[in-house]
Amino acid sequence: MKHAARHRWMAFVVPAAALAAAVPFFVPPLAGASPASGVRTAARIDERQQVLDAVAGQITEGLSESDRAHIPGFADIVVDPDHNHLRLYWKGAPPQRVRRILARLPHGVTAEVDAARYSKAELHAARAKLLRRLTSMNLRIAGVPTPVRVTSIGPAVDGSGLEVGYESGAGRANSPMAVKQGSVGQQVAAAAGRLAGVHTAAIHRLQSVDLASRQHDHSPWTGASALHNPGGGICSGSFSVKNAKGQYMLTSAYHCGSDAGGRWTTWWGGDLVGTTDASQESPQDDVVGINLPSQQARGWLYDGPASRTDGYAKPLVGWGHNNVGDYVCTDGANGGVHCGVRIAQTDIGVTGPNQIYRPDVDLAYATSATPGGVAAINGDSGGPVFASVRNHTADEARGMITALDRTVTCPPAYNGDTVLDGHLRTPWCLAGVYYVPIGQTLHDMHWTLVTG
């Protein structure tokens, strides 16, 4: 299908194919760079990202990743802090408001507008139509004996249509990639496209897996702490919030323990942190609020490796929306902090193993700037996702880890089973993570983020 001619706003242009697919973004290593120069480079990228995100926020009117569908013609926006560049996908001509913003970009920032086949609103409507016609997230495909499981549905970044993730016994692959001609994936794309009424691409994407563990935290509770969940497994504490009644709560993942009154304790020592509040949870946002008997929590996140025991933490200064191309850090109790993780896609719907559809999820992958190529490991469920700000001295909340994509071989630092507090921990390393954007969670739960 031919696309309309692209509208170029500034001179710097990145090939469309380099940014359109939901695949990892790779940052070339700095050959021979000293640690000091690496820190300076990272700081410059952080500064650029903050400027680009501010411009993106003007264009998107401060709306969340999902609510941007309310902007007529808008498809998506991609930030590229490595090249100080913005790429905007729009159906039709952008309105005068957007053209004025692009005409008055900050010094050094370049931008372009590419024509989109569909707007985000049209793709949201198509996704809703597809969801209504699916039976328990399954597709029946002629010649395939068992139903094909739909694992995710999201608008393509370039507005070319829907991207439908699937899992089946046929055509199984080890990485999420567009499948070849004549395979099950082509039939999935055709069948889903007929139901949705828009162009659809199929991506072999294994069903998301819920991750389930900094050791011995104490009140006032700090985010990214290691917790025994009510089922006795390992999960991560996340952000501190105030609920609508003004009560302090610590958050974690719904799938880690949603039963009312379930006990959450510290990973070392087994001290009571709090109990599950069934009135303060959302299966769709995969979040649960933990009642804190101490009613004390602070707006800080543990940082560094999961094995660090000196209590090193950084303050939260607020929260922000997510844009494709942003660099973020994941912060899990079992895996520690992994930075250089880059957002590949926003506004995806994902089905978890608990069969609950999570309608607003973002997907980010480790890059060459991420040590070991690992974005998270088992036990990081519920952990925070943040953007580094103020020259790496503070964090901006971006979301909470809900599930995974693409397992990878663990680097030596994670190899081998380890016994922690009497529990066997077998590392399972992931290159990609799904997370629920924090803005969506705060809105849905009527919570206020506690900052430092």
# chains A, B, ... in the order shown; residues from 1 in each chain; ligands from 1
call {"tool": "select_by_dssp", "arguments": {"residues": "range 160-400 of chain A", "states": "helix (DSSP H, G or I)", "output": "list in words"}}
result
Val184, Gly185, Gln186, Gln187, Val188, Ala189, Ala190, Ala191, Ala192, Gly193, Arg194, Leu195, Ala196, Tyr254, His255, Cys256, Pro371, Gly372 and Gly373 of chain A
call {"tool": "write_last_selection", "arguments": {"atoms": "C-alpha atoms", "output": "compact mmCIF listing (two decimals), in the first residue's frame"}}
result
# COMPACT_ATOMS: atom_id res chain seq x y z
CA VAL A 184 1.24 -19.12 10.53
CA GLY A 185 2.05 -15.47 11.14
CA GLN A 186 0.80 -14.46 7.71
CA GLN A 187 -2.50 -16.19 8.43
CA VAL A 188 -2.67 -14.51 11.85
CA ALA A 189 -2.15 -11.11 10.21
CA ALA A 190 -4.86 -11.79 7.63
CA ALA A 191 -7.39 -13.13 10.14
CA ALA A 192 -6.79 -10.35 12.67
CA GLY A 193 -6.91 -7.76 9.92
CA ARG A 194 -10.31 -8.98 8.76
CA LEU A 195 -11.66 -8.75 12.29
CA ALA A 196 -10.10 -5.36 13.02
CA TYR A 254 -1.23 -7.16 41.34
CA HIS A 255 -0.12 -10.57 40.11
CA CYS A 256 2.30 -10.80 43.06
CA PRO A 371 25.39 -3.81 30.69
CA GLY A 372 25.04 -7.46 29.70
CA GLY A 373 22.08 -6.71 27.46
call {"tool": "closest_residue", "arguments": {"among": "A:Leu88, A:Ala394, A:Leu316, A:Cys429", "to": "Thr407 in chain A", "atoms": "only C-alpha atoms"}}
result
A:Cys429
call {"tool": "atom_distance", "arguments": {"atom1": "CA of Gly262 in chain A", "atom2": "CA of Arg398 in chain A"}}
result
26.7 Å
call {"tool": "residues_around", "arguments": {"residues": "Trp221 in chain A", "least_positions_apart": "5", "cutoff": "7 Å", "atoms": "only C-alpha atoms", "output": "ChimeraX atom specification"}}
result
/A:296-298
call {"tool": "closest_atom_pairs", "arguments": {"of": "range 273-360 of chain A", "to": "range 64-78 of chain A", "cutoff": "10 Å", "atoms": "only C-alpha atoms", "output": "Markdown table"}}
result
| residue | atom | partner | partner_atom | distance |
| --- | --- | --- | --- | --- |
| A:Gly320 | CA | A:Ser64 | CA | 9.0 |
| A:His321 | CA | A:Ser64 | CA | 6.0 |
| A:Asn322 | CA | A:Glu65 | CA | 6.6 |
| A:Asn323 | CA | A:Val78 | CA | 6.1 |
| A:Val324 | CA | A:Val78 | CA | 4.7 |
| A:Gly325 | CA | A:Val78 | CA | 5.5 |
| A:Asp326 | CA | A:Val78 | CA | 8.0 |
| A:Ile343 | CA | A:Val78 | CA | 9.4 |
| A:Ala344 | CA | A:Val78 | CA | 9.2 |
| A:Gln345 | CA | A:Val78 | CA | 9.4 |
| A:Thr346 | CA | A:Glu65 | CA | 6.6 |
| A:Asp347 | CA | A:Ser66 | CA | 5.5 |
| A:Ile348 | CA | A:Ser66 | CA | 8.9 |
| A:Pro359 | CA | A:Ser66 | CA | 9.3 |
| A:Asp360 | CA | A:Ser66 | CA | 6.8 |
call {"tool": "closest_residue", "arguments": {"among": "A:Ser258, A:Ser236, A:Thr151, A:Gly432", "to": "Arg358 in chain A", "atoms": "only C-alpha atoms"}}
result
A:Thr151
call {"tool": "select_by_dssp", "arguments": {"residues": "range 218-428 of chain A", "states": "strand (DSSP E)", "output": "ChimeraX atom specification"}}
result
/A:221-223,226-228,234-236,240-242,248-252,263-266,272-282,287-291,297-302,313-319,327-332,336-351,357-365,376-377,384-389,394-408,418-420,423-425
call {"tool": "closest_residue", "arguments": {"among": "A:His85, A:His107, A:Arg149, A:Arg48", "to": "Arg205 in chain A", "atoms": "only C-alpha atoms"}}
result
A:Arg149
call {"tool": "atom_distance", "arguments": {"atom1": "CA of Thr441 in chain A", "atom2": "CA of Asp380 in chain A"}}
result
18.1 Å
